[in-house]
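Here is entry36.cif, consisting of mmCIF, C-alpha atoms:
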data_coords
loop_
_atom_site.label_atom_id
_atom_site.label_comp_id
_atom_site.auth_asym_id
_atom_site.auth_seq_id
_atom_site.Cartn_x
_atom_site.Cartn_y
_atom_site.Cartn_z
CA MET A 28 107.22 85.91 156.08
CA MET A 29 104.31 83.91 157.45
CA THR A 30 104.58 80.13 157.71
CA LEU A 31 101.92 79.39 155.09
CA TYR A 32 104.66 79.35 152.45
CA ASN A 33 106.07 76.24 154.09
CA THR A 34 103.16 74.32 152.61
CA LEU A 35 103.78 75.48 149.03
CA PHE A 36 105.58 73.76 146.21
CA PRO A 37 109.27 74.77 146.05
CA PHE A 38 108.82 75.48 142.36
CA VAL A 39 106.54 77.53 140.15
CA THR A 40 103.04 76.04 139.42
CA LEU A 41 100.62 76.10 136.48
CA LEU A 42 96.88 76.48 137.04
CA ALA A 43 94.18 77.13 134.47
CA MET A 44 91.18 79.03 135.78
CA SER A 45 87.80 80.00 134.38
CA PHE A 46 85.35 82.31 136.11
CA SER A 47 82.93 83.09 133.28
CA THR A 48 80.06 81.58 135.27
CA TYR A 49 80.07 84.46 137.74
CA ALA A 50 77.45 87.08 137.03
CA LYS A 51 79.17 90.03 138.64
CA GLU A 52 82.74 91.15 138.17
CA ALA A 53 83.27 92.08 141.82
CA ASP A 54 81.85 88.75 143.00
CA ASN A 55 84.11 86.94 140.56
CA TYR A 56 87.09 88.88 141.87
CA ALA A 57 86.26 88.14 145.51
CA SER A 58 85.91 84.43 144.74
CA LEU A 59 89.18 84.47 142.81
CA LYS A 60 91.01 86.03 145.75
CA LYS A 61 89.53 83.51 148.18
CA GLN A 62 90.61 80.56 146.07
CA LEU A 63 94.10 81.94 145.51
CA SER A 64 94.47 82.57 149.24
CA THR A 65 93.39 79.03 150.08
CA TRP A 66 95.72 77.61 147.46
CA LEU A 67 98.67 79.55 148.89
CA ALA A 68 97.86 78.27 152.36
CA SER A 69 97.60 74.67 151.20
CA SER A 70 98.78 73.67 147.76
CA ASN A 71 96.84 70.42 148.02
CA VAL A 72 93.49 72.21 147.90
CA VAL A 73 91.98 72.11 144.40
CA TYR A 74 88.75 73.79 143.32
CA ALA A 75 86.64 72.95 140.30
CA ASP A 76 87.94 76.15 138.68
CA PHE A 77 91.55 74.93 138.83
CA THR A 78 93.42 72.49 136.66
CA ILE A 79 96.88 71.73 138.03
CA THR A 80 99.90 70.70 136.02
CA GLN A 81 103.55 70.86 136.99
CA PRO A 82 105.83 72.74 137.16
CA VAL A 83 103.14 75.22 138.02
CA THR A 84 102.10 78.62 136.80
CA ILE A 85 98.69 80.15 137.44
CA THR A 86 97.13 81.12 134.13
CA THR A 87 93.75 82.17 132.82
CA ASN A 88 92.54 83.30 129.44
CA ASP A 89 89.17 84.28 130.85
CA LYS A 90 88.28 87.72 129.51
CA LEU A 91 86.25 88.66 132.58
CA ALA A 92 89.39 88.32 134.73
CA ALA A 93 91.47 90.10 132.03
CA GLY A 94 93.71 87.07 131.69
CA GLY A 95 96.91 86.64 133.64
CA GLU A 96 99.93 84.48 134.33
CA VAL A 97 101.33 84.09 137.83
CA LYS A 98 104.50 82.32 138.90
CA PHE A 99 105.42 81.87 142.53
CA LYS A 100 108.37 80.34 144.37
CA ALA A 101 109.08 80.22 148.09
CA SER A 102 112.66 81.45 147.62
CA GLY A 103 113.73 84.92 146.56
CA LYS A 104 113.16 88.49 147.68
CA GLN A 105 109.70 89.66 148.64
CA CYS A 106 109.06 91.34 145.30
CA VAL A 107 106.98 91.05 142.15
CA ALA A 108 108.42 91.09 138.62
CA TYR A 109 105.53 92.22 136.42
CA ALA A 110 105.15 92.46 132.61
CA PRO A 111 101.57 93.67 131.97
CA HIS A 112 101.97 94.19 128.20
CA ARG A 113 103.89 91.16 126.92
CA PHE A 114 102.30 91.25 123.44
CA TYR A 115 102.67 95.02 123.05
CA ASP A 116 105.97 95.99 124.75
CA ILE A 117 108.39 93.63 123.03
CA HIS A 118 110.86 91.72 125.24
CA THR A 119 109.29 92.91 128.51
CA TYR A 120 108.08 89.38 129.28
CA ARG A 121 111.61 87.98 129.06
CA ILE A 122 113.05 90.90 131.01
CA ALA A 123 110.53 90.47 133.82
CA LEU A 124 111.13 86.72 133.77
CA ALA A 125 114.86 87.36 134.30
CA LEU A 126 113.97 89.69 137.18
CA PHE A 127 111.89 86.86 138.65
CA GLU A 128 115.17 85.11 139.46
CA HIS A 129 115.46 87.70 142.28
CA CYS A 130 111.77 87.80 143.27
CA GLN A 131 109.18 85.39 144.63
CA VAL A 132 106.42 86.44 142.24
CA PHE A 133 106.17 86.85 138.46
CA LEU A 134 103.11 88.35 136.75
CA ALA A 135 102.23 88.83 133.09
CA ASN A 136 99.22 89.19 130.82
CA THR A 137 97.86 86.34 128.70
CA VAL A 138 95.62 88.42 126.42
CA HIS A 139 96.57 91.54 124.46
CA ARG A 140 96.00 94.84 126.23
CA ASN A 141 93.45 95.87 123.56
CA THR A 142 91.35 92.70 123.92
CA LEU A 143 87.80 93.47 125.06
CA ASN A 144 86.26 91.57 127.94
CA LEU A 145 82.61 90.46 128.11
CA LYS A 146 81.60 93.99 129.09
CA GLY A 147 83.43 95.61 126.19
CA GLN A 148 86.28 96.91 128.39
CA LYS A 149 89.92 96.72 127.33
CA THR A 150 91.80 94.13 129.39
CA ASP A 151 94.89 96.30 129.84
CA LEU A 152 96.40 95.08 133.11
CA GLY A 153 97.91 98.52 133.66
CA LYS A 154 94.38 99.89 134.01
CA TYR A 155 92.04 96.95 134.57
CA ARG A 156 90.65 96.60 138.10
CA TYR A 157 89.36 93.06 138.48
CA SER A 158 92.28 91.05 137.13
CA THR A 159 93.89 87.81 138.21
CA THR A 160 97.18 89.66 138.72
CA ASN A 161 95.64 92.29 141.00
CA ALA A 162 93.95 89.51 142.96
CA PHE A 163 97.23 87.68 143.45
CA ILE A 164 99.03 90.87 144.52
CA ASP A 165 96.33 91.43 147.14
CA VAL A 166 96.55 87.83 148.38
CA TYR A 167 100.36 87.87 148.41
CA SER A 168 100.35 91.11 150.43
CA GLN A 169 98.62 89.29 153.26
CA THR A 170 101.51 86.81 153.59
CA VAL A 171 104.43 89.24 153.89
CA ASP A 172 105.25 92.29 155.99
CA THR A 173 106.25 94.42 153.01
CA PHE A 174 107.07 93.88 149.34
CA THR A 175 107.99 95.66 146.12
CA ILE A 176 106.29 95.61 142.72
CA TYR A 177 108.53 96.20 139.68
CA GLN A 178 106.28 96.74 136.67
CA ILE A 179 108.23 96.59 133.40
CA HIS A 180 107.07 98.58 130.35
CA GLY A 181 108.52 99.53 126.98
CA PHE A 182 108.45 102.77 125.03
CA ASP A 183 109.30 103.96 121.52
CA ALA A 184 111.66 106.95 121.60
CA ALA A 185 110.30 108.15 118.26
CA LYS A 186 106.90 108.77 119.83
CA ARG A 187 108.15 110.89 122.70
CA ARG A 188 107.26 114.57 123.04
CA THR A 189 110.34 115.80 124.90
CA LYS A 190 114.08 115.46 124.35
CA GLU A 191 114.48 114.09 127.90
CA ALA A 192 112.25 111.12 127.06
CA LEU A 193 113.63 110.82 123.53
CA ASN A 194 117.16 110.36 124.86
CA ALA A 195 116.27 108.14 127.82
CA ASP A 196 117.14 104.47 128.19
CA VAL A 197 115.10 104.11 131.37
CA ILE A 198 112.30 106.18 132.89
CA ILE A 199 111.50 105.27 136.50
CA SER A 200 108.65 106.49 138.67
CA ARG A 201 106.55 105.58 141.67
CA GLY A 202 103.37 106.19 139.72
CA ASN A 203 101.50 109.11 141.24
CA LYS A 204 103.79 109.23 144.29
CA TYR A 205 106.81 111.50 144.52
CA PRO A 206 110.25 109.85 144.07
CA ASN A 207 111.91 108.54 147.21
CA ASP A 208 115.52 107.64 148.09
CA LYS A 209 115.07 104.07 146.80
CA ILE A 210 114.17 105.22 143.30
CA LYS A 211 117.09 107.63 143.28
CA GLN A 212 119.47 104.83 144.26
CA MET A 213 118.11 102.60 141.49
CA SER A 214 118.56 105.29 138.87
CA GLN A 215 122.00 106.26 140.13
CA CYS A 216 123.13 102.63 139.91
CA LEU A 217 121.92 102.38 136.30
CA VAL A 218 123.77 105.57 135.39
CA GLN A 219 127.03 105.02 137.24
CA LYS A 220 127.51 101.26 136.90
CA LEU A 221 125.80 100.51 133.59
CA HIS A 222 126.28 103.93 131.93
CA LEU A 223 122.61 104.10 130.96
CA ASN A 224 120.62 107.29 130.62
CA SER A 225 118.18 106.69 133.47
CA VAL A 226 115.80 109.52 134.36
CA ILE A 227 113.26 109.90 137.14
CA TYR A 228 109.67 111.06 136.66
CA PRO A 229 108.68 113.83 137.32
CA ILE A 230 112.00 115.36 138.39
CA GLU A 231 114.03 114.76 135.22
CA VAL A 232 111.35 113.89 132.67
CA LYS A 233 107.65 114.73 132.33
CA GLU A 234 106.46 111.70 130.34
CA LEU A 235 105.65 108.06 131.04
CA GLY A 236 105.22 108.33 134.78
CA GLY A 237 102.52 105.68 135.10
CA THR A 238 100.29 108.13 136.94
CA LYS A 239 97.11 106.48 135.58
CA ASN A 240 98.23 102.95 136.41
CA ILE A 241 95.66 100.92 138.34
CA LEU A 242 98.25 100.02 140.98
CA ASN A 243 98.23 103.63 142.13
CA THR A 244 94.74 102.84 143.39
CA VAL A 245 94.73 99.16 144.30
CA ALA A 246 98.29 98.36 145.39
CA PRO A 247 98.25 97.18 149.04
CA ARG A 248 99.50 99.56 151.70
CA ASN A 249 102.46 97.35 152.51
CA SER A 250 103.71 97.44 148.91
CA HIS A 251 106.09 99.72 147.06
CA PHE A 252 105.25 100.27 143.38
CA PHE A 253 107.90 101.11 140.78
CA HIS A 254 106.89 101.85 137.19
CA ILE A 255 109.87 101.14 134.91
CA GLU A 256 109.86 102.18 131.24
CA LEU A 257 112.59 100.81 128.94
CA SER A 258 113.48 102.04 125.48
CA ASN A 259 113.37 99.75 122.44
CA THR A 260 117.16 99.89 122.18
CA LEU A 261 117.78 98.95 125.80
CA ARG A 262 115.29 96.07 125.72
CA ALA A 263 117.06 94.59 122.70
CA ARG A 264 120.43 94.95 124.46
CA LEU A 265 119.18 93.30 127.64
CA ILE A 266 117.95 90.27 125.70
CA LYS A 267 121.21 89.91 123.78
CA GLN A 268 123.59 90.63 126.68
CA PRO A 269 123.08 88.35 129.72
CA THR A 270 125.70 90.21 131.75
CA LEU A 271 123.94 93.53 131.20
CA MET A 272 120.63 91.89 132.13
CA SER A 273 122.13 90.60 135.37
CA GLN A 274 123.63 94.01 136.21
CA PHE A 275 120.34 95.72 135.38
CA ASN A 276 118.41 93.45 137.74
CA THR A 277 120.95 94.04 140.49
CA CYS A 278 120.40 97.80 140.21
CA ILE A 279 116.62 97.44 140.10
CA THR A 280 116.45 95.25 143.21
CA LEU A 281 118.93 97.20 145.36
#
Using the file provided, produce a representation of the structure as structure tokens.
Amino acid sequence: MMTLYNTLFPFVTLLAMSFSTYAKEADNYASLKKQLSTWLASSNVVYADFTITQPVTITTNDKLAAGGEVKFKASGKQCVAYAPHRFYDIHTYRIALALFEHCQVFLANTVHRNTLNLKGQKTDLGKYRYSTTNAFIDVYSQTVDTFTIYQIHGFDAAKRRTKEALNADVIISRGNKYPNDKIKQMSQCLVQKLHLNSVIYPIEVKELGGTKNILNTVAPRNSHFFHIELSNTLRARLIKQPTLMSQFNTCITL
């Protein structure tokens, strides 16, 4: 890891940002990235767009940036725990937050996935291009050699089209990339140690592969993206059973 992290707070920070004054989305995004990069390099630098409180989390409710919450700490593995649909996929925020205990970065949405931005576009972070979370991922990628993104989703078994998805506890994929050894190890751990029905897209199940996720397009080259779908039943169990949650996170971050 590069030495710029030595200048950061040893705890998570809270920043409120507003970029509604920018006329163009791409310009807004470029400015956002520049400010986040400067802030990571020197936590004492404050722009007019930032309001700092402590302990810190970066947040914005600005519709143009699609909203977003970012937590960062200098300790932990070089990975991102990401809940893009906190108001839609119940419990995924808390599950990703527990995973953040292992990772340096936590990301989540601050506006509902169906909220429209100023251009009338849905601010679904799984599909939205110019978001605060995508900007932070890009900036973070420039400070580490390699890192992993664990994006946590939830699904309703009753809405599934196939018996494989209907009976699954976990559906794991690499988005539009073919499964590798890492994803197989994760799934095997969930099956053998936690006795969960974990299946891999597209080998063992043909649904919920995250193939249209924006990270398939914008994730940095030095990142590894894992799209993780959890059933309603498993999410409820993870929240109620801390030991299971801990074991789950151990398997995910192998």
- Message: Given only C-alpha atoms as the basis, pick out the residue of A:Ala57, A:Asp196, A:Asp116, A:Tyr109 nearest to Ala184 in chain A.
- Response: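 Closest to Ala184 in chain A of all the choices is A:Asp196.
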- Item | Close residues, Leu124 in chain A itself excluded, 8 Å, only C-alpha atoms, min 4 positions apart in chain, as a VMD selection string | chain A and resid 108 120 128 133
Around all the atoms of range 107-119 of chain A listed in the file, draw an axis-aligned box and extend it by 3 Å on each of the six sides; I want its centre and edge lengths in Å to one decimal, as lines of an AutoDock Vina configuration file.
center_x = 106.2
center_y = 93.5
center_z = 132.6
size_x = 15.3
size_y = 10.9
size_z = 25.1
- Query: Could you state the separation of CA of His112 in chain A and CA of Asp151 in chain A in Å, given to one decimal place?
  - Reply: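 These atoms are spaced 7.6 Å apart.
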Can you pull out the residues contacting Ser258 in chain A? Cut-off 7 Å, using all atoms listed in the file, and skip same-chain residues under 4 positions away; I want them as a short mmCIF file (atom, residue, chain, number, x, y, z; two decimals) with C-alpha atoms, in the coordinates of the input.
data_model
loop_
_atom_site.label_atom_id
_atom_site.label_comp_id
_atom_site.auth_asym_id
_atom_site.auth_seq_id
_atom_site.Cartn_x
_atom_site.Cartn_y
_atom_site.Cartn_z
CA GLY A 181 108.52 99.53 126.98
CA PHE A 182 108.45 102.77 125.03
CA ASP A 183 109.30 103.96 121.52
CA ALA A 184 111.66 106.95 121.60
CA ASP A 196 117.14 104.47 128.19
CA VAL A 197 115.10 104.11 131.37
CA ARG A 262 115.29 96.07 125.72
#
- Item | Matched chain/residue IDs from the PyMOL selection byres ((chain A and resi 216) around 12), as a VMD selection string | chain A and resid 197 209 to 215 217 to 226 274 to 281
- Task: Using only C-alpha atoms, determine which residues lie at most 12 Å from Tyr155 in chain A, disregarding the query and same-chain residues fewer than 3 positions distant; provide the list as a PyMOL selection string.
- Result: chain A and resi 52+56+90-95+111+136+140-144+148-152+158-162+239-245
Could those selected residues go to a file with C-alpha atoms, as a CSV table (one decimal), keeping the file's coordinate frame?
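And here is the file that came out, part-v1.csv:
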chain,number,residue,atom,x,y,z
A,52,GLU,CA,82.7,91.2,138.2
A,56,TYR,CA,87.1,88.9,141.9
A,90,LYS,CA,88.3,87.7,129.5
A,91,LEU,CA,86.2,88.7,132.6
A,92,ALA,CA,89.4,88.3,134.7
A,93,ALA,CA,91.5,90.1,132.0
A,94,GLY,CA,93.7,87.1,131.7
A,95,GLY,CA,96.9,86.6,133.6
A,111,PRO,CA,101.6,93.7,132.0
A,136,ASN,CA,99.2,89.2,130.8
A,140,ARG,CA,96.0,94.8,126.2
A,141,ASN,CA,93.4,95.9,123.6
A,142,THR,CA,91.4,92.7,123.9
A,143,LEU,CA,87.8,93.5,125.1
A,144,ASN,CA,86.3,91.6,127.9
A,148,GLN,CA,86.3,96.9,128.4
A,149,LYS,CA,89.9,96.7,127.3
A,150,THR,CA,91.8,94.1,129.4
A,151,ASP,CA,94.9,96.3,129.8
A,152,LEU,CA,96.4,95.1,133.1
A,158,SER,CA,92.3,91.0,137.1
A,159,THR,CA,93.9,87.8,138.2
A,160,THR,CA,97.2,89.7,138.7
A,161,ASN,CA,95.6,92.3,141.0
A,162,ALA,CA,94.0,89.5,143.0
A,239,LYS,CA,97.1,106.5,135.6
A,240,ASN,CA,98.2,103.0,136.4
A,241,ILE,CA,95.7,100.9,138.3
A,242,LEU,CA,98.2,100.0,141.0
A,243,ASN,CA,98.2,103.6,142.1
A,244,THR,CA,94.7,102.8,143.4
A,245,VAL,CA,94.7,99.2,144.3
- Task: Would you kindly translate the PyMOL selection byres ((chain A and resi 206) around 12) into the concrete residues it picks from this file, as a PyMOL selection string?
- Result: chain A and resi 198-205+207-214+226-231+236+251-254
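Relative to CA of Ala246 in chain A, CA of Ala192 in chain A is found at 26.3 Å.
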